[in-house]
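K.L.:
To be precise about what I am sending: the file is called protein_38.tsv and holds TSV, C-alpha atoms.
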```
chain	number	residue	atom	x	y	z
X	23	MET	CA	-76.17	-61.10	16.04
X	24	SER	CA	-72.63	-60.58	16.46
X	25	PHE	CA	-72.15	-63.50	14.17
X	26	LYS	CA	-74.33	-61.87	11.47
X	27	ASN	CA	-72.53	-58.64	11.76
X	28	ARG	CA	-69.20	-60.33	11.36
X	29	GLY	CA	-70.59	-62.46	8.63
X	30	GLY	CA	-72.09	-59.48	6.81
X	31	GLY	CA	-68.87	-57.63	7.18
X	32	GLY	CA	-67.05	-60.63	5.88
X	33	VAL	CA	-69.25	-60.72	2.76
X	34	GLU	CA	-69.13	-56.96	1.99
X	35	ALA	CA	-65.36	-56.65	2.36
X	36	PRO	CA	-64.56	-58.78	-0.69
X	37	SER	CA	-67.06	-56.72	-2.83
X	38	ARG	CA	-65.37	-53.39	-2.07
X	39	SER	CA	-61.97	-54.90	-2.88
X	40	VAL	CA	-63.12	-56.13	-6.28
X	41	ILE	CA	-64.60	-52.79	-7.31
X	42	SER	CA	-61.47	-50.98	-6.22
X	43	ARG	CA	-59.21	-53.18	-8.33
X	44	LYS	CA	-61.40	-52.71	-11.45
X	45	TRP	CA	-61.36	-48.95	-11.19
X	46	THR	CA	-57.67	-49.01	-10.56
X	47	LEU	CA	-57.12	-51.01	-13.73
X	48	PHE	CA	-59.30	-48.70	-15.81
X	49	LEU	CA	-57.56	-45.62	-14.48
X	50	CYS	CA	-54.12	-47.08	-15.24
X	51	ILE	CA	-55.07	-47.96	-18.79
X	52	GLY	CA	-56.69	-44.55	-19.32
X	53	SER	CA	-53.70	-42.70	-17.92
X	54	PHE	CA	-51.34	-44.70	-20.11
X	55	CYS	CA	-53.34	-43.95	-23.30
X	56	ALA	CA	-53.69	-40.29	-22.41
X	57	GLY	CA	-49.98	-40.08	-21.76
X	58	MET	CA	-49.13	-41.74	-25.05
X	59	PHE	CA	-51.55	-39.50	-26.96
X	60	PHE	CA	-50.33	-36.29	-25.33
X	61	THR	CA	-46.65	-37.25	-25.73
X	62	ALA	CA	-47.15	-38.00	-29.45
X	63	ARG	CA	-48.80	-34.62	-29.96
X	64	MET	CA	-46.20	-32.56	-28.15
X	65	TRP	CA	-42.94	-34.26	-29.05
X	66	THR	CA	-41.64	-35.34	-32.43
X	67	VAL	CA	-38.41	-37.27	-32.73
X	68	PRO	CA	-36.27	-35.18	-35.13
X	69	GLU	CA	-34.40	-36.79	-38.01
X	70	THR	CA	-30.83	-37.65	-37.34
X	71	LYS	CA	-28.03	-38.13	-39.77
X	72	GLY	CA	-24.58	-39.07	-38.59
X	73	GLY	CA	-25.57	-38.36	-34.98
X	74	ILE	CA	-26.49	-34.73	-35.74
X	75	THR	CA	-30.07	-33.61	-35.07
X	76	ARG	CA	-31.74	-31.72	-37.95
X	77	THR	CA	-35.08	-29.90	-38.18
X	78	THR	CA	-36.51	-28.02	-41.11
X	79	ALA	CA	-37.32	-24.32	-40.94
X	80	VAL	CA	-41.05	-25.10	-41.07
X	81	GLU	CA	-40.85	-27.59	-38.16
X	82	ALA	CA	-38.77	-25.22	-36.02
X	83	GLU	CA	-41.27	-22.44	-36.59
X	84	ARG	CA	-44.16	-24.78	-35.75
X	85	LEU	CA	-42.55	-25.69	-32.39
X	86	ASN	CA	-41.99	-22.04	-31.57
X	87	LEU	CA	-45.62	-21.21	-32.28
X	88	VAL	CA	-46.88	-24.11	-30.13
X	89	SER	CA	-44.61	-23.14	-27.25
X	90	GLU	CA	-45.92	-19.59	-27.45
X	91	GLY	CA	-49.48	-20.82	-27.30
X	92	CYS	CA	-50.51	-19.66	-30.82
X	93	ASN	CA	-53.75	-20.97	-32.25
X	94	THR	CA	-54.06	-23.43	-35.14
X	95	ARG	CA	-55.13	-20.83	-37.70
X	96	LEU	CA	-52.06	-18.68	-37.11
X	97	LEU	CA	-49.90	-21.78	-37.38
X	98	GLN	CA	-51.42	-22.64	-40.75
X	99	GLN	CA	-50.89	-19.09	-42.03
X	100	LYS	CA	-47.25	-19.18	-40.94
X	101	ASP	CA	-46.77	-22.54	-42.66
X	102	VAL	CA	-48.15	-21.11	-45.94
X	103	LYS	CA	-45.79	-18.13	-45.75
X	104	LEU	CA	-42.76	-20.32	-45.13
X	105	VAL	CA	-43.67	-22.70	-47.95
X	106	SER	CA	-44.25	-19.70	-50.28
X	107	LYS	CA	-40.76	-18.41	-49.49
X	108	ASP	CA	-39.25	-21.80	-50.30
X	109	VAL	CA	-41.13	-21.98	-53.62
X	110	SER	CA	-40.13	-18.41	-54.56
X	111	GLY	CA	-36.50	-19.23	-53.86
X	112	GLU	CA	-36.62	-22.32	-56.04
X	113	VAL	CA	-38.30	-20.38	-58.90
X	114	SER	CA	-35.63	-17.67	-58.67
X	115	LYS	CA	-32.85	-20.26	-58.82
X	116	THR	CA	-34.47	-21.95	-61.83
X	117	HIS	CA	-34.86	-18.62	-63.66
X	118	HIS	CA	-31.20	-17.77	-63.05
X	119	ALA	CA	-30.13	-21.20	-64.30
X	120	LEU	CA	-32.18	-20.74	-67.50
X	121	GLN	CA	-30.60	-17.33	-68.14
X	122	THR	CA	-27.12	-18.79	-67.69
X	123	LEU	CA	-27.99	-21.64	-70.06
X	124	ASP	CA	-29.29	-19.20	-72.70
X	125	LYS	CA	-26.05	-17.19	-72.57
X	126	THR	CA	-23.98	-20.35	-72.80
X	127	ILE	CA	-25.90	-21.52	-75.87
X	128	SER	CA	-25.53	-18.08	-77.46
X	129	ASN	CA	-21.77	-18.12	-76.87
X	130	LEU	CA	-21.46	-21.60	-78.35
X	131	GLU	CA	-23.45	-20.57	-81.42
X	132	MET	CA	-21.16	-17.57	-81.96
X	133	GLU	CA	-18.04	-19.70	-81.56
X	134	LEU	CA	-19.43	-22.26	-84.00
X	135	ALA	CA	-20.15	-19.50	-86.52
X	136	ALA	CA	-16.60	-18.18	-86.17
X	137	ALA	CA	-15.15	-21.67	-86.58
X	138	LYS	CA	-17.21	-22.29	-89.72
X	139	ALA	CA	-16.15	-18.97	-91.22
X	140	THR	CA	-12.50	-19.67	-90.49
X	141	GLN	CA	-12.68	-23.13	-91.99
X	142	GLU	CA	-14.39	-21.85	-95.14
X	143	SER	CA	-11.77	-19.14	-95.61
X	144	ILE	CA	-8.99	-21.72	-95.39
X	145	LEU	CA	-10.55	-24.32	-97.64
X	146	SER	CA	-12.28	-22.18	-100.25
X	147	GLY	CA	-10.58	-22.25	-103.62
X	148	ALA	CA	-7.28	-23.64	-102.41
X	149	PRO	CA	-5.82	-27.15	-102.68
X	150	ILE	CA	-5.81	-29.14	-99.46
X	151	SER	CA	-2.36	-29.22	-97.94
X	152	GLU	CA	-0.80	-32.16	-96.10
X	153	ASP	CA	-1.35	-30.41	-92.77
X	154	ILE	CA	-5.07	-30.04	-93.45
X	155	GLU	CA	-5.33	-33.66	-94.55
X	156	LYS	CA	-3.80	-34.65	-91.21
X	157	GLY	CA	-6.32	-32.46	-89.40
X	158	ASP	CA	-3.88	-29.66	-88.49
X	159	LEU	CA	-5.33	-26.45	-89.94
X	160	PRO	CA	-2.74	-23.68	-90.45
X	161	LYS	CA	-3.25	-20.65	-88.24
X	162	LYS	CA	-4.18	-17.37	-89.91
X	163	ARG	CA	-2.41	-14.13	-89.09
X	164	LYS	CA	-4.23	-12.21	-86.39
X	165	TYR	CA	-5.17	-8.59	-87.09
X	166	PHE	CA	-6.67	-5.95	-84.87
X	167	MET	CA	-9.22	-4.37	-87.21
X	168	VAL	CA	-10.34	-4.26	-90.82
X	169	VAL	CA	-11.56	-0.86	-92.05
X	170	GLY	CA	-13.76	-1.12	-95.12
X	171	ILE	CA	-14.35	2.22	-96.86
X	172	ASN	CA	-17.60	2.03	-98.79
X	173	THR	CA	-17.23	3.61	-102.24
X	174	ALA	CA	-18.84	3.69	-105.68
X	175	PHE	CA	-17.66	3.71	-109.30
X	176	SER	CA	-18.30	7.45	-109.58
X	177	SER	CA	-16.32	8.33	-106.43
X	178	ARG	CA	-12.76	8.39	-107.80
X	179	LYS	CA	-12.15	11.93	-106.53
X	180	ARG	CA	-13.46	11.04	-103.08
X	181	ARG	CA	-11.07	8.12	-102.90
X	182	ASP	CA	-8.15	10.31	-103.90
X	183	SER	CA	-9.06	12.84	-101.18
X	184	VAL	CA	-9.11	10.05	-98.58
X	185	ARG	CA	-5.72	8.77	-99.80
X	186	ALA	CA	-4.33	12.28	-99.49
X	187	THR	CA	-5.51	12.71	-95.89
X	188	TRP	CA	-6.31	9.97	-93.37
X	189	MET	CA	-5.51	6.75	-95.26
X	190	PRO	CA	-1.78	5.86	-95.31
X	191	GLN	CA	-0.35	4.93	-98.70
X	192	GLY	CA	2.30	2.60	-100.09
X	193	GLU	CA	4.86	1.34	-97.60
X	194	LYS	CA	3.18	3.14	-94.71
X	195	ARG	CA	-0.02	1.19	-95.27
X	196	LYS	CA	1.92	-2.07	-95.39
X	197	LYS	CA	3.75	-1.08	-92.21
X	198	LEU	CA	0.40	-0.34	-90.58
X	199	GLU	CA	-0.76	-3.86	-91.42
X	200	GLU	CA	2.43	-5.50	-90.17
X	201	GLU	CA	3.04	-3.48	-87.00
X	202	LYS	CA	-0.45	-2.49	-85.90
X	203	GLY	CA	-2.58	-5.18	-87.52
X	204	ILE	CA	-4.81	-2.60	-89.22
X	205	ILE	CA	-6.18	-3.41	-92.69
X	206	MET	CA	-7.66	-0.59	-94.79
X	207	ARG	CA	-9.45	-1.13	-98.11
X	208	PHE	CA	-11.92	0.61	-100.37
X	209	VAL	CA	-14.91	-1.71	-100.74
X	210	ILE	CA	-16.67	-2.07	-104.09
X	211	GLY	CA	-18.49	-4.72	-106.10
X	212	HIS	CA	-18.81	-4.96	-109.86
X	213	GLY	CA	-20.99	-3.37	-112.51
X	214	ALA	CA	-24.14	-4.76	-114.04
X	215	THR	CA	-21.99	-5.89	-116.96
X	216	LEU	CA	-19.25	-8.01	-115.45
X	217	GLY	CA	-15.86	-7.01	-116.84
X	218	GLY	CA	-17.30	-3.85	-118.41
X	219	ILE	CA	-15.77	-0.38	-118.54
X	220	LEU	CA	-16.59	0.35	-114.90
X	221	ASP	CA	-14.87	-2.79	-113.68
X	222	ARG	CA	-11.85	-2.16	-115.85
X	223	ALA	CA	-11.47	1.36	-114.44
X	224	ILE	CA	-11.42	-0.02	-110.88
X	225	GLU	CA	-8.93	-2.71	-111.85
X	226	ALA	CA	-6.59	-0.08	-113.28
X	227	GLU	CA	-6.92	2.03	-110.11
X	228	ASP	CA	-6.26	-1.04	-107.97
X	229	ARG	CA	-3.09	-1.87	-109.89
X	230	LYS	CA	-1.83	1.60	-109.08
X	231	HIS	CA	-2.75	1.73	-105.38
X	232	GLY	CA	-3.52	-1.86	-104.35
X	233	ASP	CA	-6.10	-0.73	-101.81
X	234	PHE	CA	-9.38	-2.31	-102.98
X	235	LEU	CA	-11.52	-5.14	-101.65
X	236	ARG	CA	-13.65	-6.43	-104.54
X	237	LEU	CA	-16.97	-8.01	-103.64
X	238	ASP	CA	-19.15	-10.50	-105.45
X	239	HIS	CA	-21.93	-7.92	-105.55
X	240	VAL	CA	-23.66	-5.77	-108.17
X	241	GLU	CA	-23.27	-2.09	-107.26
X	242	GLY	CA	-26.37	0.07	-106.75
X	243	TYR	CA	-27.59	2.58	-104.15
X	244	LEU	CA	-30.66	0.50	-103.36
X	245	GLU	CA	-28.41	-2.51	-102.74
X	246	LEU	CA	-26.42	-1.09	-99.82
X	247	SER	CA	-27.88	-3.59	-97.35
X	248	ALA	CA	-26.77	-6.49	-99.54
X	249	LYS	CA	-23.36	-4.87	-100.03
X	250	THR	CA	-22.87	-4.42	-96.29
X	251	LYS	CA	-23.74	-8.05	-95.66
X	252	THR	CA	-21.37	-9.23	-98.40
X	253	TYR	CA	-18.59	-6.97	-97.10
X	254	PHE	CA	-18.62	-8.43	-93.59
X	255	ALA	CA	-18.93	-11.99	-94.90
X	256	THR	CA	-15.98	-11.46	-97.27
X	257	ALA	CA	-13.78	-9.58	-94.80
X	258	VAL	CA	-14.15	-12.19	-92.04
X	259	LYS	CA	-13.06	-14.91	-94.48
X	260	LEU	CA	-10.01	-12.99	-95.68
X	261	TRP	CA	-8.74	-11.56	-92.40
X	262	ASP	CA	-8.97	-12.90	-88.86
X	263	ALA	CA	-9.45	-9.63	-86.99
X	264	GLU	CA	-10.92	-8.54	-83.67
X	265	TYR	CA	-13.06	-5.81	-85.23
X	266	TYR	CA	-14.58	-5.00	-88.60
X	267	VAL	CA	-15.38	-1.38	-89.42
X	268	LYS	CA	-17.52	0.11	-92.16
X	269	VAL	CA	-17.14	3.81	-93.05
X	270	ASP	CA	-18.30	5.96	-95.96
X	271	ASP	CA	-15.78	7.62	-98.28
X	272	ASP	CA	-17.03	11.15	-97.43
X	273	VAL	CA	-16.23	10.88	-93.71
X	274	HIS	CA	-13.04	11.98	-91.95
X	275	VAL	CA	-11.54	9.34	-89.64
X	276	ASN	CA	-8.70	9.43	-87.12
X	277	ILE	CA	-7.48	5.83	-87.41
X	278	GLY	CA	-5.31	5.86	-84.28
X	279	THR	CA	-8.14	7.22	-82.13
X	280	LEU	CA	-10.52	4.68	-83.67
X	281	ALA	CA	-8.13	1.83	-82.80
X	282	GLU	CA	-7.73	2.98	-79.19
X	283	THR	CA	-11.50	3.36	-78.84
X	284	LEU	CA	-12.13	-0.20	-80.03
X	285	ALA	CA	-9.30	-1.56	-77.88
X	286	ARG	CA	-11.17	-0.48	-74.74
X	287	HIS	CA	-13.91	-2.98	-75.54
X	288	ARG	CA	-11.82	-5.91	-76.75
X	289	LYS	CA	-12.64	-8.10	-73.74
X	290	LYS	CA	-16.39	-7.77	-74.31
X	291	PRO	CA	-18.20	-10.33	-76.50
X	292	ARG	CA	-20.56	-9.35	-79.35
X	293	VAL	CA	-19.85	-5.61	-79.47
X	294	TYR	CA	-21.70	-3.20	-81.78
X	295	ILE	CA	-20.20	0.32	-81.64
X	296	GLY	CA	-21.39	3.53	-83.23
X	297	CYS	CA	-23.57	6.59	-82.76
X	298	MET	CA	-26.87	4.99	-81.84
X	299	LYS	CA	-30.05	6.61	-83.10
X	300	SER	CA	-33.74	5.87	-83.51
X	301	GLY	CA	-35.14	7.87	-86.40
X	302	PRO	CA	-38.72	7.89	-87.71
X	303	VAL	CA	-39.94	5.17	-90.08
X	304	LEU	CA	-40.76	7.06	-93.30
X	305	ALA	CA	-43.83	5.58	-94.97
X	306	GLN	CA	-44.29	8.28	-97.62
X	307	LYS	CA	-43.07	7.29	-101.07
X	308	GLY	CA	-40.59	9.50	-102.90
X	309	VAL	CA	-38.85	10.85	-99.79
X	310	ARG	CA	-35.23	10.07	-98.93
X	311	TYR	CA	-34.81	7.01	-96.72
X	312	HIS	CA	-38.33	5.79	-97.54
X	313	GLU	CA	-39.07	2.45	-95.87
X	314	PRO	CA	-41.22	0.22	-98.14
X	315	GLU	CA	-41.78	-2.21	-95.25
X	316	TYR	CA	-42.90	0.50	-92.85
X	317	TRP	CA	-45.93	-1.57	-91.77
X	318	LYS	CA	-43.60	-4.01	-89.99
X	319	PHE	CA	-42.68	-1.31	-87.48
X	320	GLY	CA	-46.18	-0.73	-86.15
X	321	GLU	CA	-48.42	2.29	-86.51
X	322	THR	CA	-47.63	5.27	-88.74
X	323	GLY	CA	-45.25	7.67	-87.02
X	324	ASN	CA	-43.35	5.00	-85.11
X	325	LYS	CA	-39.57	5.04	-84.79
X	326	TYR	CA	-36.95	2.43	-85.60
X	327	PHE	CA	-35.25	0.40	-82.90
X	328	ARG	CA	-31.84	1.67	-81.75
X	329	HIS	CA	-29.10	1.19	-84.34
X	330	ALA	CA	-25.80	2.81	-85.31
X	331	THR	CA	-25.86	5.58	-87.88
X	332	GLY	CA	-24.58	4.39	-91.26
X	333	GLN	CA	-21.64	6.79	-91.72
X	334	ILE	CA	-19.37	4.66	-89.53
X	335	TYR	CA	-19.77	1.72	-87.16
X	336	ALA	CA	-17.78	-1.28	-85.92
X	337	ILE	CA	-18.66	-4.83	-84.92
X	338	SER	CA	-16.63	-7.52	-83.20
X	339	LYS	CA	-15.49	-10.71	-84.91
X	340	ASP	CA	-18.23	-12.94	-83.50
X	341	LEU	CA	-20.92	-10.69	-85.00
X	342	ALA	CA	-19.16	-10.53	-88.38
X	343	SER	CA	-18.91	-14.34	-88.32
X	344	TYR	CA	-22.62	-14.55	-87.50
X	345	ILE	CA	-23.41	-12.44	-90.58
X	346	SER	CA	-21.12	-14.58	-92.72
X	347	VAL	CA	-22.73	-17.87	-91.70
X	348	ASN	CA	-26.34	-16.62	-91.85
X	349	GLN	CA	-26.10	-14.16	-94.75
X	350	HIS	CA	-28.57	-16.08	-96.92
X	351	VAL	CA	-31.40	-15.77	-94.36
X	352	LEU	CA	-30.80	-12.26	-93.02
X	353	HIS	CA	-33.52	-9.88	-94.14
X	354	LYS	CA	-32.54	-6.67	-95.97
X	355	TYR	CA	-34.41	-3.44	-95.34
X	356	ALA	CA	-34.14	-0.41	-97.62
X	357	ASN	CA	-31.59	1.32	-95.37
X	358	GLU	CA	-28.37	-0.55	-94.61
X	359	ASP	CA	-27.91	0.82	-91.09
X	360	VAL	CA	-31.43	-0.35	-90.19
X	361	SER	CA	-30.69	-3.76	-91.69
X	362	LEU	CA	-27.54	-4.18	-89.61
X	363	GLY	CA	-29.39	-3.22	-86.44
X	364	ALA	CA	-32.20	-5.65	-87.29
X	365	TRP	CA	-29.76	-8.55	-87.69
X	366	PHE	CA	-28.67	-8.09	-84.07
X	367	ILE	CA	-32.09	-7.56	-82.47
X	368	GLY	CA	-32.52	-11.15	-81.33
X	369	LEU	CA	-28.91	-11.62	-80.20
X	370	ASP	CA	-27.21	-10.92	-76.90
X	371	VAL	CA	-25.34	-7.89	-78.30
X	372	GLN	CA	-23.79	-4.97	-76.43
X	373	HIS	CA	-24.81	-1.70	-78.10
X	374	ILE	CA	-22.16	0.93	-77.34
X	375	ASP	CA	-23.16	4.51	-78.09
X	376	ASP	CA	-19.98	6.57	-78.57
X	377	ARG	CA	-20.67	10.13	-79.76
X	378	ARG	CA	-17.04	10.64	-80.76
X	379	LEU	CA	-17.88	8.62	-83.86
X	380	CYS	CA	-20.21	11.34	-85.10
X	381	CYS	CA	-18.58	14.72	-84.45
X	382	GLY	CA	-19.40	17.64	-86.67
X	383	THR	CA	-16.92	19.28	-89.04
X	384	PRO	CA	-14.99	22.38	-87.90
X	385	PRO	CA	-15.39	24.16	-85.63
X	386	ASP	CA	-17.02	21.29	-83.66
X	387	CYS	CA	-14.28	18.65	-84.06
X	388	GLU	CA	-11.59	21.34	-83.81
X	389	TRP	CA	-12.83	22.60	-80.43
X	390	LYS	CA	-12.99	19.04	-79.11
X	391	ALA	CA	-9.46	18.30	-80.32
X	392	GLN	CA	-8.16	21.45	-78.61
X	393	ALA	CA	-9.85	20.31	-75.41
X	394	GLY	CA	-8.00	16.99	-75.62
X	395	ASN	CA	-11.01	14.96	-76.76
X	396	VAL	CA	-10.01	14.03	-80.32
X	397	CYS	CA	-12.92	12.81	-82.44
X	398	VAL	CA	-12.94	9.39	-84.07
X	399	ALA	CA	-14.97	10.53	-87.07
X	400	SER	CA	-16.34	13.84	-88.35
X	401	PHE	CA	-19.06	14.63	-90.90
X	402	ASP	CA	-22.07	16.89	-91.51
X	403	TRP	CA	-25.45	15.45	-90.51
X	404	THR	CA	-27.21	17.57	-93.13
X	405	CYS	CA	-25.28	15.85	-95.92
X	406	SER	CA	-24.94	12.40	-94.23
X	407	GLY	CA	-21.23	12.93	-94.76
X	408	ILE	CA	-18.89	15.89	-95.23
X	409	CYS	CA	-20.62	18.34	-97.52
X	410	ARG	CA	-18.51	18.78	-100.69
X	411	SER	CA	-16.01	16.34	-99.19
X	412	VAL	CA	-13.65	16.41	-102.20
X	413	ASP	CA	-13.05	20.12	-101.61
X	414	ARG	CA	-13.22	20.19	-97.80
X	415	LEU	CA	-11.64	16.95	-96.57
X	416	LYS	CA	-8.12	18.36	-96.49
X	417	GLU	CA	-9.28	21.31	-94.39
X	418	VAL	CA	-11.12	19.02	-91.96
X	419	HIS	CA	-8.03	16.83	-91.70
X	420	ARG	CA	-5.77	19.80	-91.05
X	421	ARG	CA	-7.97	21.20	-88.28
X	422	CYS	CA	-9.27	17.97	-86.71
X	423	GLY	CA	-6.69	15.34	-87.60
X	424	GLU	CA	-4.89	13.48	-84.81
X	425	GLY	CA	-1.45	13.80	-86.45
X	426	GLU	CA	0.63	11.02	-88.01
X	427	LYS	CA	2.54	10.28	-84.79
X	428	ALA	CA	-0.69	9.55	-82.92
X	429	LEU	CA	-1.43	6.70	-85.32
X	430	TRP	CA	1.87	4.94	-84.70
X	431	LYS	CA	1.74	5.55	-80.96
X	432	ALA	CA	-1.79	4.23	-80.61
X	433	ALA	CA	-1.96	1.74	-77.71
X	434	ILE	CA	-3.73	-1.32	-79.04
```
Go ahead and express the file in the form of structure tokens.

P.N.:
Amino acid sequence: MSFKNRGGGGVEAPSRSVISRKWTLFLCIGSFCAGMFFTARMWTVPETKGGITRTTAVEAERLNLVSEGCNTRLLQQKDVKLVSKDVSGEVSKTHHALQTLDKTISNLEMELAAAKATQESILSGAPISEDIEKGDLPKKRKYFMVVGINTAFSSRKRRDSVRATWMPQGEKRKKLEEEKGIIMRFVIGHGATLGGILDRAIEAEDRKHGDFLRLDHVEGYLELSAKTKTYFATAVKLWDAEYYVKVDDDVHVNIGTLAETLARHRKKPRVYIGCMKSGPVLAQKGVRYHEPEYWKFGETGNKYFRHATGQIYAISKDLASYISVNQHVLHKYANEDVSLGAWFIGLDVQHIDDRRLCCGTPPDCEWKAQAGNVCVASFDWTCSGICRSVDRLKEVHRRCGEGEKALWKAAI
């Protein structure tokens, strides 16, 4: 019996040992797998570059959320927000880059237009010199501004009143060109009959005063837009100036004050200076300033886009060069000031509204001069110029003029 008990015990002992080893093996394998799985879930080996550990903003935020015990849904929402921020930042950078590229292209186009205009002015109608054949183009004299005074065949008395007041004559005008770089000319085209009596009268007046700029243009009130375009194209070819000014012959101008005003903006590209306005588009036929193409400006009663009033305005060289190069495709509206404004609508142009370019006649300009704020130009809005300018221009000049010394002391 004792033998059986020992024998039974001897048989059962090996069975318990075998079962114990199997379970031990299973538990080891299970623990190892669980450890590997849990370690892979909780720890991620960060990227390293040059021995420096780096983690993205999204990964860092994910670890923070896990350590704080946040649920999966909140983690996903946080990931979406972080990714959205990254995308928004990239879109903003791309938009800024496109804007910079657009401005660069615009600047290059303006510089190309200026270069073309300069080359045409040098090569047009003149034999090619040895320097040009070698590729060395002679440099043109630099001027500060060209003032074109718009006039007509019937305006001889107006021109004489301007010569007697604010436009220097003879040697003084030449000195103004040499010392200050200011060119002043009356601007006029030719009659319907080329070389006719009207043209001959202007030629005789020009021989006496030498202050005309003749345009390849047929004169006519309804052709002012074409005349303005031809003026800028012609002036930019003849004179390399920083600014080009157009003014009517029934407006009083203080040239020194005008020069100092423009000089303040000389570091700005594509400048368009004047008294900016936005008048109504007149669709009714027979009224003054009627716009035949009124339908292009929207519904009846709409207003024009902002543009400088036509009595006087100035543009920088790059804009004048743009007009010169593109003159054959620039659309002309009935009113020349509207046309000029339309030519600049699609360009990166700085519109500068300076009300000193549209002061009233005395007492308005006189009061401003006494207060130390001398006007650039003076005229009557009701007459779109100085009313009865031939009779009144001397009085306006006496009461509102800057004085001859101011012109020569102008800081430009």

K.L.:
Find the spatial neighbours of segment 192-209 of chain X, counting all atoms listed in the file, within a cut-off of 7 Å - ignore same-chain residues fewer than 6 positions away - and output them as a PyMOL selection string.

P.N.:
chain X and resi 165-173+233-236

K.L.:
With all atoms of segment 267-277 of chain X from the file as input, state the centre and edge lengths in Å to one decimal of the axis-aligned box that has 3 Å extra on each side, as lines of an AutoDock Vina configuration file.

P.N.:
```
center_x = -12.9
center_y = 5.3
center_z = -92.7
size_x = 16.8
size_y = 19.4
size_z = 17.2
```

K.L.:
Quick one: pull the distance between atom CA of Pro385 of chain X and atom CA of Arg421 of chain X, Å, one decimal.

P.N.:
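Separating atom CA of Pro385 of chain X from atom CA of Arg421 of chain X is a distance of 8.4 Å.
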
K.L.:
Within 7 Å of (-16.8, -10.3, -91.1), in the coordinates the file gives, what residues turn up when you count all atoms listed in the file, written out as a list of chain:residue names?

P.N.:
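Protein, DNA and RNA residues close to (-16.8, -10.3, -91.1): X:Phe254, X:Ala255, X:Thr256, X:Ala257, X:Val258, X:Lys259, X:Tyr266, X:Lys339, X:Ala342, X:Ser343, X:Ile345, X:Ser346.
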
K.L.:
Which residues are near Ile334 of chain X? Cut-off 10 Å, all atoms listed in the file, ignore same chain within fewer than 6 positions. Put them as a list in words.

P.N.:
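Listing them by chain and then by number gives Val169, Gly170, Ile171, Asn172, Val267, Lys268, Val269, Asp270, Asp271, Val273, His274, Val275, Ile295, Gly296, Cys297, Asp359, Leu379, Cys380, Val398, Ala399, Ser400 and Gly407 of chain X.
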
K.L.:
Would you save the residues of that selection, restricted to C-alpha atoms, as a PDB file, keeping the file's coordinate frame?

P.N.:
```pdb
ATOM      1  CA  VAL X 169     -11.560  -0.860 -92.050  1.00  0.00           C
ATOM      2  CA  GLY X 170     -13.760  -1.120 -95.120  1.00  0.00           C
ATOM      3  CA  ILE X 171     -14.350   2.220 -96.860  1.00  0.00           C
ATOM      4  CA  ASN X 172     -17.600   2.030 -98.790  1.00  0.00           C
ATOM      5  CA  VAL X 267     -15.380  -1.380 -89.420  1.00  0.00           C
ATOM      6  CA  LYS X 268     -17.520   0.110 -92.160  1.00  0.00           C
ATOM      7  CA  VAL X 269     -17.140   3.810 -93.050  1.00  0.00           C
ATOM      8  CA  ASP X 270     -18.300   5.960 -95.960  1.00  0.00           C
ATOM      9  CA  ASP X 271     -15.780   7.620 -98.280  1.00  0.00           C
ATOM     10  CA  VAL X 273     -16.230  10.880 -93.710  1.00  0.00           C
ATOM     11  CA  HIS X 274     -13.040  11.980 -91.950  1.00  0.00           C
ATOM     12  CA  VAL X 275     -11.540   9.340 -89.640  1.00  0.00           C
ATOM     13  CA  ILE X 295     -20.200   0.320 -81.640  1.00  0.00           C
ATOM     14  CA  GLY X 296     -21.390   3.530 -83.230  1.00  0.00           C
ATOM     15  CA  CYS X 297     -23.570   6.590 -82.760  1.00  0.00           C
ATOM     16  CA  ASP X 359     -27.910   0.820 -91.090  1.00  0.00           C
ATOM     17  CA  LEU X 379     -17.880   8.620 -83.860  1.00  0.00           C
ATOM     18  CA  CYS X 380     -20.210  11.340 -85.100  1.00  0.00           C
ATOM     19  CA  VAL X 398     -12.940   9.390 -84.070  1.00  0.00           C
ATOM     20  CA  ALA X 399     -14.970  10.530 -87.070  1.00  0.00           C
ATOM     21  CA  SER X 400     -16.340  13.840 -88.350  1.00  0.00           C
ATOM     22  CA  GLY X 407     -21.230  12.930 -94.760  1.00  0.00           C
TER      23      GLY X 407
END
```

K.L.:
Output as a CSV table (one decimal), keeping the file's coordinate frame: segment 312-317 of chain X, completed with N, CA and C atoms.

P.N.:
```csv
chain,number,residue,atom,x,y,z
X,312,HIS,N,-37.0,6.4,-97.6
X,312,HIS,CA,-38.3,5.8,-97.5
X,312,HIS,C,-38.2,4.3,-97.2
X,313,GLU,N,-39.1,3.8,-96.3
X,313,GLU,CA,-39.1,2.4,-95.9
X,313,GLU,C,-40.3,1.7,-96.4
X,314,PRO,N,-40.1,0.9,-97.5
X,314,PRO,CA,-41.2,0.2,-98.1
X,314,PRO,C,-41.9,-0.7,-97.2
X,315,GLU,N,-41.2,-1.3,-96.2
X,315,GLU,CA,-41.8,-2.2,-95.2
X,315,GLU,C,-42.1,-1.5,-93.9
X,316,TYR,N,-42.6,-0.3,-94.0
X,316,TYR,CA,-42.9,0.5,-92.8
X,316,TYR,C,-43.9,-0.2,-92.0
X,317,TRP,N,-44.9,-0.9,-92.5
X,317,TRP,CA,-45.9,-1.6,-91.8
X,317,TRP,C,-45.4,-2.6,-90.7
```
